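Engineer: File name work.cif; file contents mmCIF, C-alpha atoms; full text below.
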```
data_input
loop_
_atom_site.group_PDB
_atom_site.id
_atom_site.type_symbol
_atom_site.label_atom_id
_atom_site.label_comp_id
_atom_site.auth_asym_id
_atom_site.auth_seq_id
_atom_site.Cartn_x
_atom_site.Cartn_y
_atom_site.Cartn_z
ATOM 1 C CA MET A 706 -55.805 -65.954 127.952
ATOM 2 C CA LYS A 707 -58.576 -67.322 125.734
ATOM 3 C CA PHE A 708 -57.367 -65.790 122.469
ATOM 4 C CA LYS A 709 -56.023 -68.287 119.975
ATOM 5 C CA PRO A 710 -56.706 -67.214 116.394
ATOM 6 C CA LEU A 711 -57.186 -70.043 113.926
ATOM 7 C CA ASP A 712 -58.468 -67.739 111.176
ATOM 8 C CA VAL A 713 -57.258 -64.645 109.395
ATOM 9 C CA LEU A 714 -60.066 -62.698 107.708
ATOM 10 C CA PHE A 715 -59.106 -60.282 104.956
ATOM 11 C CA SER A 716 -61.328 -57.377 103.941
ATOM 12 C CA PRO A 717 -59.743 -56.617 100.555
ATOM 13 C CA THR A 718 -61.721 -53.450 99.898
ATOM 14 C CA ALA A 719 -63.995 -50.971 101.639
ATOM 15 C CA ASP A 720 -65.983 -50.615 98.427
ATOM 16 C CA CYS A 721 -69.446 -52.126 97.968
ATOM 17 C CA ASN A 722 -72.103 -51.934 95.289
ATOM 18 C CA LEU A 723 -74.924 -51.881 97.885
ATOM 19 C CA SER A 724 -75.964 -49.412 100.584
ATOM 20 C CA CYS A 725 -77.738 -51.487 103.227
ATOM 21 C CA ARG A 726 -79.501 -49.570 105.988
ATOM 22 C CA HIS A 727 -78.033 -51.719 108.769
ATOM 23 C CA CYS A 728 -74.405 -51.739 107.580
ATOM 24 C CA GLN A 729 -71.766 -50.145 109.806
ATOM 25 C CA SER A 730 -68.959 -50.137 107.229
ATOM 26 C CA GLU A 731 -67.929 -46.850 105.665
ATOM 27 C CA LYS A 732 -67.704 -47.286 101.906
ATOM 28 C CA SER A 733 -64.603 -46.062 100.066
ATOM 29 C CA LYS A 734 -62.320 -47.096 97.227
ATOM 30 C CA GLN A 735 -59.574 -48.068 99.668
ATOM 31 C CA THR A 736 -57.988 -51.460 99.014
ATOM 32 C CA LEU A 737 -55.677 -53.660 101.033
ATOM 33 C CA SER A 738 -52.070 -54.042 99.865
ATOM 34 C CA ILE A 739 -51.633 -57.480 98.327
ATOM 35 C CA THR A 740 -47.904 -57.689 99.065
ATOM 36 C CA ARG A 741 -48.428 -56.648 102.700
ATOM 37 C CA ALA A 742 -51.204 -59.214 103.046
ATOM 38 C CA GLU A 743 -48.957 -61.947 101.665
ATOM 39 C CA THR A 744 -46.196 -61.049 104.118
ATOM 40 C CA PHE A 745 -48.649 -61.002 107.013
ATOM 41 C CA LEU A 746 -50.023 -64.368 105.917
ATOM 42 C CA GLU A 747 -46.552 -65.869 106.207
ATOM 43 C CA SER A 748 -46.282 -64.618 109.797
ATOM 44 C CA CYS A 749 -49.766 -65.958 110.609
ATOM 45 C CA ARG A 750 -48.659 -69.433 109.682
ATOM 46 C CA LYS A 751 -45.848 -69.224 112.250
ATOM 47 C CA VAL A 752 -48.286 -68.564 115.130
ATOM 48 C CA GLY A 753 -50.678 -71.389 114.265
ATOM 49 C CA VAL A 754 -53.333 -69.715 112.137
ATOM 50 C CA LYS A 755 -54.900 -72.404 109.934
ATOM 51 C CA ARG A 756 -57.604 -70.812 107.764
ATOM 52 C CA ILE A 757 -58.122 -67.858 105.461
ATOM 53 C CA GLY A 758 -61.458 -66.123 104.953
ATOM 54 C CA PHE A 759 -62.609 -63.097 102.983
ATOM 55 C CA THR A 760 -65.199 -60.493 103.847
ATOM 56 C CA GLY A 761 -66.083 -56.939 102.926
ATOM 57 C CA GLY A 762 -66.925 -54.435 101.704
ATOM 58 C CA GLU A 763 -67.591 -56.635 98.727
ATOM 59 C CA PRO A 764 -64.472 -58.783 98.163
ATOM 60 C CA PHE A 765 -65.390 -59.606 94.563
ATOM 61 C CA LEU A 766 -64.873 -55.937 93.698
ATOM 62 C CA PHE A 767 -61.136 -56.599 94.151
ATOM 63 C CA PRO A 768 -60.747 -60.045 92.552
ATOM 64 C CA LYS A 769 -56.992 -59.630 91.971
ATOM 65 C CA PHE A 770 -56.541 -59.744 95.751
ATOM 66 C CA LEU A 771 -58.543 -62.963 96.007
ATOM 67 C CA TYR A 772 -56.530 -64.681 93.274
ATOM 68 C CA ARG A 773 -53.136 -63.776 94.733
ATOM 69 C CA ILE A 774 -53.976 -64.603 98.354
ATOM 70 C CA VAL A 775 -55.610 -67.910 97.401
ATOM 71 C CA ARG A 776 -52.510 -68.959 95.466
ATOM 72 C CA ARG A 777 -50.163 -67.884 98.257
ATOM 73 C CA GLY A 778 -52.364 -69.489 100.881
ATOM 74 C CA ILE A 779 -52.164 -72.814 99.085
ATOM 75 C CA GLU A 780 -48.377 -72.531 98.836
ATOM 76 C CA LEU A 781 -48.218 -71.961 102.602
ATOM 77 C CA GLY A 782 -50.551 -74.852 103.423
ATOM 78 C CA PHE A 783 -53.593 -72.884 104.608
ATOM 79 C CA PHE A 784 -57.181 -74.092 104.499
ATOM 80 C CA PHE A 785 -59.978 -71.796 103.338
ATOM 81 C CA GLY A 786 -63.015 -70.867 105.396
ATOM 82 C CA ARG A 787 -65.750 -68.612 103.998
ATOM 83 C CA LEU A 788 -65.843 -65.973 101.331
ATOM 84 C CA MET A 789 -68.657 -63.531 102.149
ATOM 85 C CA THR A 790 -70.440 -61.807 99.260
ATOM 86 C CA ASN A 791 -73.690 -60.054 98.439
ATOM 87 C CA GLY A 792 -73.885 -62.152 95.259
ATOM 88 C CA VAL A 793 -74.933 -59.240 93.021
ATOM 89 C CA TRP A 794 -71.614 -57.452 92.400
ATOM 90 C CA PHE A 795 -71.232 -58.444 88.745
ATOM 91 C CA ARG A 796 -72.113 -56.362 85.656
ATOM 92 C CA ASN A 797 -73.173 -59.262 83.439
ATOM 93 C CA LYS A 798 -73.142 -63.030 83.121
ATOM 94 C CA ASN A 799 -69.824 -63.092 81.258
ATOM 95 C CA GLN A 800 -68.025 -61.163 84.000
ATOM 96 C CA LEU A 801 -69.555 -63.387 86.676
ATOM 97 C CA ASN A 802 -68.440 -66.543 84.914
ATOM 98 C CA SER A 803 -64.952 -65.201 84.232
ATOM 99 C CA VAL A 804 -64.242 -64.105 87.815
ATOM 100 C CA LEU A 805 -65.614 -67.264 89.427
ATOM 101 C CA LEU A 806 -63.818 -69.545 86.989
ATOM 102 C CA LYS A 807 -60.489 -67.829 87.665
ATOM 103 C CA LEU A 808 -61.022 -68.108 91.418
ATOM 104 C CA TYR A 809 -61.729 -71.808 90.977
ATOM 105 C CA ASP A 810 -58.614 -72.239 88.832
ATOM 106 C CA CYS A 811 -56.528 -70.536 91.546
ATOM 107 C CA GLY A 812 -57.524 -73.380 93.860
ATOM 108 C CA TYR A 813 -60.123 -71.837 96.166
ATOM 109 C CA ASP A 814 -61.960 -74.742 97.817
ATOM 110 C CA GLY A 815 -63.633 -73.027 100.776
ATOM 111 C CA SER A 816 -67.301 -72.105 100.964
ATOM 112 C CA ILE A 817 -69.061 -69.062 99.544
ATOM 113 C CA CYS A 818 -71.594 -67.378 101.821
ATOM 114 C CA VAL A 819 -74.201 -65.084 100.255
ATOM 115 C CA SER A 820 -75.986 -62.400 102.289
ATOM 116 C CA VAL A 821 -79.740 -62.531 101.643
ATOM 117 C CA ASP A 822 -82.361 -60.744 103.759
ATOM 118 C CA ALA A 823 -84.749 -57.801 103.889
ATOM 119 C CA PHE A 824 -81.917 -55.360 104.551
ATOM 120 C CA HIS A 825 -79.904 -56.052 101.407
ATOM 121 C CA LYS A 826 -82.851 -55.678 99.012
ATOM 122 C CA SER A 827 -80.842 -57.494 96.345
ATOM 123 C CA ASN A 828 -82.079 -58.620 92.960
ATOM 124 C CA LEU A 829 -83.029 -62.260 93.548
ATOM 125 C CA ASN A 830 -82.604 -63.129 89.870
ATOM 126 C CA ASN A 831 -78.961 -62.080 90.114
ATOM 127 C CA ILE A 832 -78.448 -63.954 93.386
ATOM 128 C CA ALA A 833 -79.925 -67.095 91.834
ATOM 129 C CA LEU A 834 -77.662 -66.656 88.797
ATOM 130 C CA PHE A 835 -74.619 -66.260 91.060
ATOM 131 C CA ILE A 836 -75.482 -69.412 93.025
ATOM 132 C CA LYS A 837 -76.219 -71.515 89.936
ATOM 133 C CA THR A 838 -73.010 -70.367 88.223
ATOM 134 C CA ALA A 839 -70.858 -71.078 91.274
ATOM 135 C CA LEU A 840 -72.417 -74.515 91.812
ATOM 136 C CA LYS A 841 -71.762 -75.398 88.174
ATOM 137 C CA ILE A 842 -68.122 -74.262 88.202
ATOM 138 C CA TRP A 843 -67.179 -75.933 91.480
ATOM 139 C CA GLY A 844 -69.386 -78.992 90.988
ATOM 140 C CA ARG A 845 -70.037 -79.126 94.730
ATOM 141 C CA GLY A 846 -73.454 -79.270 96.319
ATOM 142 C CA ASP A 847 -72.063 -77.993 99.629
ATOM 143 C CA LEU A 848 -70.344 -74.886 98.222
ATOM 144 C CA ILE A 849 -72.972 -72.255 99.026
ATOM 145 C CA SER A 850 -74.388 -71.063 102.338
ATOM 146 C CA LEU A 851 -76.599 -68.078 103.128
ATOM 147 C CA ALA A 852 -76.380 -65.498 105.901
ATOM 148 C CA SER A 853 -79.472 -63.552 106.921
ATOM 149 C CA VAL A 854 -79.810 -60.720 109.415
ATOM 150 C CA ARG A 855 -82.521 -61.323 112.020
ATOM 151 C CA GLY A 856 -84.064 -59.046 114.602
ATOM 152 C CA ALA A 857 -86.167 -56.800 112.358
ATOM 153 C CA ASP A 858 -88.223 -57.339 109.196
ATOM 154 C CA ASP A 859 -88.046 -61.093 109.841
ATOM 155 C CA ALA A 860 -91.318 -61.849 108.027
ATOM 156 C CA GLU A 861 -90.038 -60.109 104.898
ATOM 157 C CA THR A 862 -86.736 -61.975 105.104
ATOM 158 C CA LEU A 863 -88.620 -65.287 105.240
ATOM 159 C CA LYS A 864 -90.599 -64.319 102.123
ATOM 160 C CA ILE A 865 -87.351 -63.448 100.314
ATOM 161 C CA LEU A 866 -85.784 -66.797 101.228
ATOM 162 C CA ARG A 867 -88.870 -68.630 99.934
ATOM 163 C CA ARG A 868 -88.744 -66.714 96.636
ATOM 164 C CA LEU A 869 -85.041 -67.451 96.242
ATOM 165 C CA ALA A 870 -85.662 -71.153 96.808
ATOM 166 C CA LEU A 871 -88.257 -71.147 94.010
ATOM 167 C CA LYS A 872 -85.810 -69.445 91.636
ATOM 168 C CA LEU A 873 -83.331 -72.227 92.397
ATOM 169 C CA ASN A 874 -85.985 -74.895 91.729
ATOM 170 C CA ALA A 875 -85.600 -75.911 95.350
ATOM 171 C CA LYS A 876 -87.497 -75.796 98.642
ATOM 172 C CA LEU A 877 -86.997 -73.770 101.772
ATOM 173 C CA LYS A 878 -86.817 -76.134 104.726
ATOM 174 C CA VAL A 879 -87.817 -74.540 108.048
ATOM 175 C CA TYR A 880 -86.804 -76.715 110.985
ATOM 176 C CA SER A 881 -87.191 -73.957 113.580
ATOM 177 C CA SER A 882 -86.996 -70.163 113.757
ATOM 178 C CA ARG A 883 -83.209 -70.492 113.966
ATOM 179 C CA VAL A 884 -82.534 -73.459 111.676
ATOM 180 C CA MET A 885 -83.373 -73.354 107.959
ATOM 181 C CA SER A 886 -81.937 -74.470 104.645
ATOM 182 C CA ILE A 887 -82.631 -74.511 100.926
ATOM 183 C CA LYS A 888 -82.540 -78.018 99.492
ATOM 184 C CA GLY A 889 -82.343 -78.830 95.804
ATOM 185 C CA ASP A 890 -81.822 -82.017 93.817
ATOM 186 C CA TYR A 891 -78.028 -81.700 93.865
ATOM 187 C CA PHE A 892 -77.251 -79.068 96.494
ATOM 188 C CA PHE A 893 -77.881 -78.228 100.132
ATOM 189 C CA ILE A 894 -77.626 -74.587 101.275
ATOM 190 C CA PRO A 895 -77.610 -74.026 105.050
ATOM 191 C CA ILE A 896 -78.821 -70.660 106.324
ATOM 192 C CA SER A 897 -77.108 -68.997 109.259
ATOM 193 C CA PHE A 898 -78.760 -66.104 111.073
ATOM 194 C CA ILE A 899 -76.846 -63.055 112.228
ATOM 195 C CA TYR A 900 -78.760 -61.252 114.935
ATOM 196 C CA LEU A 901 -78.976 -57.521 114.446
ATOM 197 C CA SER A 902 -76.979 -55.301 116.748
ATOM 198 C CA PRO A 903 -78.813 -51.959 116.858
ATOM 199 C CA VAL A 904 -75.834 -49.624 116.606
ATOM 200 C CA GLY A 905 -74.990 -46.852 114.174
ATOM 201 C CA ARG A 906 -77.493 -46.584 111.335
ATOM 202 C CA ALA A 907 -79.458 -49.498 112.811
ATOM 203 C CA SER A 908 -79.734 -47.964 116.292
ATOM 204 C CA ASN A 909 -83.460 -47.236 116.024
ATOM 205 C CA ILE A 910 -84.536 -50.566 114.575
ATOM 206 C CA LYS A 911 -85.131 -52.328 117.899
ATOM 207 C CA ASN A 912 -84.531 -52.035 121.630
ATOM 208 C CA PRO A 913 -81.264 -53.818 122.449
ATOM 209 C CA TRP A 914 -81.928 -53.846 126.198
ATOM 210 C CA ASP A 915 -84.128 -56.937 126.228
ATOM 211 C CA GLY A 916 -83.934 -57.732 129.945
ATOM 212 C CA LYS A 917 -81.515 -60.687 129.955
ATOM 213 C CA TRP A 918 -77.757 -60.992 129.891
ATOM 214 C CA PHE A 919 -75.854 -62.649 127.058
ATOM 215 C CA LYS A 920 -74.265 -66.043 127.452
ATOM 216 C CA GLU A 921 -70.522 -65.697 127.943
ATOM 217 C CA ASP A 922 -68.382 -67.274 125.221
ATOM 218 C CA PHE A 923 -65.245 -65.105 125.401
ATOM 219 C CA CYS A 924 -66.190 -63.744 121.982
ATOM 220 C CA ALA A 925 -65.771 -67.138 120.352
ATOM 221 C CA GLY A 926 -68.366 -66.204 117.720
ATOM 222 C CA PRO A 927 -67.129 -62.987 116.123
ATOM 223 C CA GLY A 928 -63.766 -63.041 117.882
ATOM 224 C CA ASN A 929 -60.576 -65.069 118.117
ATOM 225 C CA VAL A 930 -59.586 -64.055 114.604
ATOM 226 C CA PHE A 931 -57.176 -61.653 112.946
ATOM 227 C CA MET A 932 -59.549 -59.336 111.098
ATOM 228 C CA VAL A 933 -57.508 -57.332 108.579
ATOM 229 C CA MET A 934 -59.210 -54.155 107.406
ATOM 230 C CA PRO A 935 -58.684 -52.483 103.988
ATOM 231 C CA ASP A 936 -56.263 -49.981 105.535
ATOM 232 C CA GLY A 937 -54.183 -52.771 107.108
ATOM 233 C CA LEU A 938 -55.403 -52.308 110.680
ATOM 234 C CA VAL A 939 -56.031 -55.554 112.560
ATOM 235 C CA LYS A 940 -58.934 -56.277 114.929
ATOM 236 C CA PRO A 941 -59.390 -59.335 117.197
ATOM 237 C CA CYS A 942 -62.982 -59.802 116.000
ATOM 238 C CA CYS A 943 -65.337 -59.053 113.123
ATOM 239 C CA GLY A 944 -68.024 -57.556 115.364
ATOM 240 C CA TYR A 945 -69.809 -54.221 115.088
ATOM 241 C CA ALA A 946 -67.547 -52.565 117.682
ATOM 242 C CA GLY A 947 -64.414 -53.145 115.611
ATOM 243 C CA HIS A 948 -64.263 -49.541 114.438
ATOM 244 C CA ASN A 949 -63.257 -48.405 117.933
ATOM 245 C CA GLU A 950 -59.569 -47.633 118.469
ATOM 246 C CA LEU A 951 -59.354 -49.845 121.557
ATOM 247 C CA LEU A 952 -60.044 -52.842 119.315
ATOM 248 C CA THR A 953 -57.183 -51.968 116.977
ATOM 249 C CA VAL A 954 -54.452 -54.416 117.931
ATOM 250 C CA GLY A 955 -51.997 -53.948 115.097
ATOM 251 C CA ASP A 956 -51.263 -52.908 111.535
ATOM 252 C CA ILE A 957 -49.960 -55.337 108.919
ATOM 253 C CA ASN A 958 -47.974 -52.487 107.391
ATOM 254 C CA CYS A 959 -45.630 -52.621 110.392
ATOM 255 C CA ASP A 960 -46.626 -55.584 112.599
ATOM 256 C CA ASN A 961 -46.384 -59.333 112.142
ATOM 257 C CA ALA A 962 -48.757 -61.845 113.725
ATOM 258 C CA ALA A 963 -46.503 -62.537 116.720
ATOM 259 C CA ARG A 964 -46.323 -58.837 117.536
ATOM 260 C CA ILE A 965 -50.105 -58.507 117.291
ATOM 261 C CA LEU A 966 -50.579 -61.365 119.764
ATOM 262 C CA LYS A 967 -48.409 -59.412 122.219
ATOM 263 C CA ASN A 968 -50.443 -56.280 121.555
ATOM 264 C CA ILE A 969 -53.655 -58.114 122.421
ATOM 265 C CA LYS A 970 -52.185 -59.161 125.764
ATOM 266 C CA SER A 971 -50.927 -55.660 126.547
ATOM 267 C CA ASN A 972 -54.157 -53.867 125.517
ATOM 268 C CA PHE A 973 -56.130 -53.576 128.771
ATOM 269 C CA PHE A 974 -59.507 -53.996 127.066
ATOM 270 C CA THR A 975 -58.726 -56.957 124.811
ATOM 271 C CA ARG A 976 -56.813 -58.631 127.629
ATOM 272 C CA ALA A 977 -59.911 -58.319 129.828
ATOM 273 C CA ILE A 978 -62.224 -59.642 127.093
ATOM 274 C CA PHE A 979 -60.143 -62.767 126.570
ATOM 275 C CA THR A 980 -59.445 -63.460 130.248
ATOM 276 C CA ARG A 981 -62.481 -62.266 132.232
ATOM 277 C CA GLY A 982 -64.900 -62.176 129.328
ATOM 278 C CA LEU A 983 -67.537 -59.494 128.846
ATOM 279 C CA THR A 984 -69.411 -60.964 131.825
ATOM 280 C CA GLY A 985 -66.361 -60.449 134.025
ATOM 281 C CA ILE A 986 -66.019 -56.887 132.756
ATOM 282 C CA ARG A 987 -69.687 -56.230 133.538
ATOM 283 C CA LYS A 988 -69.358 -57.575 137.053
ATOM 284 C CA SER A 989 -66.256 -55.473 137.683
ATOM 285 C CA MET A 990 -68.148 -52.385 136.587
ATOM 286 C CA GLU A 991 -71.177 -53.226 138.711
ATOM 287 C CA LYS A 992 -68.907 -53.516 141.754
ATOM 288 C CA LYS A 993 -67.829 -49.943 141.022
ATOM 289 C CA ARG A 994 -71.518 -48.944 140.975
ATOM 290 C CA VAL A 995 -71.644 -48.437 137.216
ATOM 291 C CA LYS A 996 -75.302 -48.897 136.277
ATOM 292 C CA PHE A 997 -76.587 -50.119 132.921
ATOM 293 C CA ILE A 998 -79.897 -49.187 131.323
ATOM 294 C CA SER A 999 -81.048 -52.798 131.558
ATOM 295 C CA LYS A 1000 -79.726 -56.193 130.465
ATOM 296 C CA THR A 1001 -78.920 -57.214 126.909
ATOM 297 C CA SER A 1002 -78.538 -60.648 125.331
ATOM 298 C CA ASP A 1003 -76.393 -59.145 122.537
ATOM 299 C CA HIS A 1004 -72.746 -59.334 123.556
ATOM 300 C CA CYS A 1005 -71.580 -57.377 120.486
ATOM 301 C CA PHE A 1006 -73.930 -54.555 121.416
ATOM 302 C CA PHE A 1007 -72.668 -54.594 124.994
ATOM 303 C CA CYS A 1008 -69.056 -54.418 123.819
ATOM 304 C CA ASN A 1009 -69.925 -51.474 121.582
ATOM 305 C CA PHE A 1010 -71.807 -49.815 124.460
ATOM 306 C CA LEU A 1011 -68.741 -50.037 126.709
ATOM 307 C CA LEU A 1012 -66.471 -48.540 124.071
ATOM 308 C CA GLU A 1013 -68.870 -45.791 123.014
ATOM 309 C CA ARG A 1014 -70.541 -44.771 126.288
ATOM 310 C CA ILE A 1015 -67.998 -45.405 129.060
ATOM 311 C CA PRO A 1016 -65.103 -42.907 129.193
ATOM 312 C CA PRO A 1017 -61.877 -44.760 128.274
ATOM 313 C CA ARG A 1018 -60.103 -43.465 131.388
ATOM 314 C CA LEU A 1019 -62.840 -44.866 133.662
ATOM 315 C CA LEU A 1020 -62.924 -48.140 131.734
ATOM 316 C CA LYS A 1021 -59.176 -48.550 132.084
ATOM 317 C CA GLN A 1022 -59.265 -47.664 135.771
ATOM 318 C CA ILE A 1023 -61.899 -50.306 136.508
ATOM 319 C CA LEU A 1024 -60.294 -53.030 134.427
ATOM 320 C CA THR A 1025 -56.728 -52.563 135.656
ATOM 321 C CA GLU A 1026 -57.392 -52.346 139.380
#
```
Rewrite the coordinates I just gave you, this time as structure tokens.

Structural biologist:
Amino acid sequence: MKFKPLDVLFSPTADCNLSCRHCQSEKSKQTLSITRAETFLESCRKVGVKRIGFTGGEPFLFPKFLYRIVRRGIELGFFFGRLMTNGVWFRNKNQLNSVLLKLYDCGYDGSICVSVDAFHKSNLNNIALFIKTALKIWGRGDLISLASVRGADDAETLKILRRLALKLNAKLKVYSSRVMSIKGDYFFIPISFIYLSPVGRASNIKNPWDGKWFKEDFCAGPGNVFMVMPDGLVKPCCGYAGHNELLTVGDINCDNAARILKNIKSNFFTRAIFTRGLTGIRKSMEKKRVKFISKTSDHCFFCNFLLERIPPRLLKQILTE
């Protein structure tokens, strides 16, 4: 089975100060239990998880969680991956400085990834202030990265990235349509592109059936992680389809990491994903004369399509025969 989580991703809160038109997350004031997260973290260490990451909602809206988990993570010997943020969550410069300085003092030494694109419509002055403040506090030129959604409004996103570079007294470097960065005198900010999956509120933005099948990677991109949601439910990936019940593999309120690994193996759908892959699932369905609208290069979309459009009983029948 090709599921070996090296990362645990915590979503401390379902709250967010933005309302992006492509976002699939349902906003609420729900927050993840700090004590439960600490206990789960201890069990993650026992099964070989190495890194901690944070995502949202907007994680900086629950900074107490970040401080406690960073401290406990250091005590347990974890590394830190990425902390995802929209970069415009703060009320004023004093609050921004205070929160970032405390996070630094807690020992966070991972990277901070800021979402910047045409969908977020964020105030670029505030994003620039966030980046400059973080770079100053950490004193690291490799601290910041950017994540941009691609697949719609790409020309506008490129304009936004150019304007942000100017506000940072830097230059946008375009190596190809997929490889870009912002380079300043003392910092280098790589830009990663997240390709839009047209599901939910984004379903009408583009045609996902583009005539070619995705390249199989056994969900190595968004998957092979413990994704802990604000309510404590655990998913094996951070993809768009994670809201579906079949991708719920545990609950940190009652399960430890070892138990969740067993759940993933006993769940017929996740077992198929991490043994056959989505390509193997597709071929099994085609043998049963299940027809698809076309082909899609977006494996997250295909996963969501299976969970939303194929009756669970039929899906289970095909994948367990």

Engineer: Would you translate the PyMOL selection byres ((chain A and resi 933-947) around 9) into the concrete set of residues it matches in this file, as a compact mmCIF listing (two decimals) with C-alpha atoms, in the frame of the given file?

Structural biologist:
```txt
# COMPACT_ATOMS: atom_id res chain seq x y z
CA PHE A 708 -57.37 -65.79 122.47
CA PRO A 710 -56.71 -67.21 116.39
CA VAL A 713 -57.26 -64.64 109.40
CA LEU A 714 -60.07 -62.70 107.71
CA PHE A 715 -59.11 -60.28 104.96
CA SER A 716 -61.33 -57.38 103.94
CA PRO A 717 -59.74 -56.62 100.56
CA THR A 718 -61.72 -53.45 99.90
CA ALA A 719 -64.00 -50.97 101.64
CA GLN A 729 -71.77 -50.14 109.81
CA SER A 730 -68.96 -50.14 107.23
CA GLN A 735 -59.57 -48.07 99.67
CA THR A 736 -57.99 -51.46 99.01
CA LEU A 737 -55.68 -53.66 101.03
CA SER A 738 -52.07 -54.04 99.86
CA ARG A 741 -48.43 -56.65 102.70
CA ALA A 742 -51.20 -59.21 103.05
CA GLY A 761 -66.08 -56.94 102.93
CA GLY A 762 -66.92 -54.44 101.70
CA SER A 902 -76.98 -55.30 116.75
CA VAL A 904 -75.83 -49.62 116.61
CA CYS A 924 -66.19 -63.74 121.98
CA ALA A 925 -65.77 -67.14 120.35
CA GLY A 926 -68.37 -66.20 117.72
CA PRO A 927 -67.13 -62.99 116.12
CA GLY A 928 -63.77 -63.04 117.88
CA ASN A 929 -60.58 -65.07 118.12
CA VAL A 930 -59.59 -64.06 114.60
CA PHE A 931 -57.18 -61.65 112.95
CA MET A 932 -59.55 -59.34 111.10
CA HIS A 948 -64.26 -49.54 114.44
CA ASN A 949 -63.26 -48.40 117.93
CA GLU A 950 -59.57 -47.63 118.47
CA LEU A 951 -59.35 -49.84 121.56
CA LEU A 952 -60.04 -52.84 119.32
CA THR A 953 -57.18 -51.97 116.98
CA VAL A 954 -54.45 -54.42 117.93
CA GLY A 955 -52.00 -53.95 115.10
CA ASP A 956 -51.26 -52.91 111.54
CA ILE A 957 -49.96 -55.34 108.92
CA ASN A 958 -47.97 -52.49 107.39
CA ILE A 965 -50.10 -58.51 117.29
CA ILE A 969 -53.66 -58.11 122.42
CA THR A 975 -58.73 -56.96 124.81
CA CYS A 1005 -71.58 -57.38 120.49
CA PHE A 1006 -73.93 -54.56 121.42
CA CYS A 1008 -69.06 -54.42 123.82
CA ASN A 1009 -69.92 -51.47 121.58
CA PHE A 1010 -71.81 -49.82 124.46
CA LEU A 1012 -66.47 -48.54 124.07
CA GLU A 1013 -68.87 -45.79 123.01
```

Engineer: Kindly give the distance, in Å, that separates atom CA of A:Arg796 and atom CA of A:Lys837, rounded to a single decimal.

Structural biologist: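 Atom CA of A:Lys837 lies at a distance of 16.3 Å from atom CA of A:Arg796.
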
Engineer: Counting all atoms listed in the file, give me one row per residue of stretch 854-963 of chain A with an atom at most 6 Å from an atom of stretch 999-1004 of chain A, showing the shortest contact pair and its distance in Å to one decimal, sorted by chain then residue number, as a Markdown table.

Structural biologist:
```
| residue | atom | partner | partner_atom | distance |
| --- | --- | --- | --- | --- |
| A:Trp914 | CA | A:Thr1001 | CA | 4.6 |
| A:Asp915 | CA | A:Thr1001 | CA | 5.3 |
| A:Gly916 | CA | A:Lys1000 | CA | 4.5 |
| A:Lys917 | CA | A:Lys1000 | CA | 4.9 |
| A:Trp918 | CA | A:Ser1002 | CA | 4.6 |
| A:Phe919 | CA | A:Ser1002 | CA | 3.8 |
```

Engineer: Atom CA of A:Ile894 and atom CA of A:Leu851, how far apart in Å?

Structural biologist: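 Interatomic distance here is 6.8 Å.
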
Engineer: Could you pull the residues within 10 Å of A:Met789, counting only C-alpha atoms, minus those fewer than 6 positions along the same chain, as a ChimeraX atom specification?

Structural biologist: /A:716,758-765,816-820,850-852
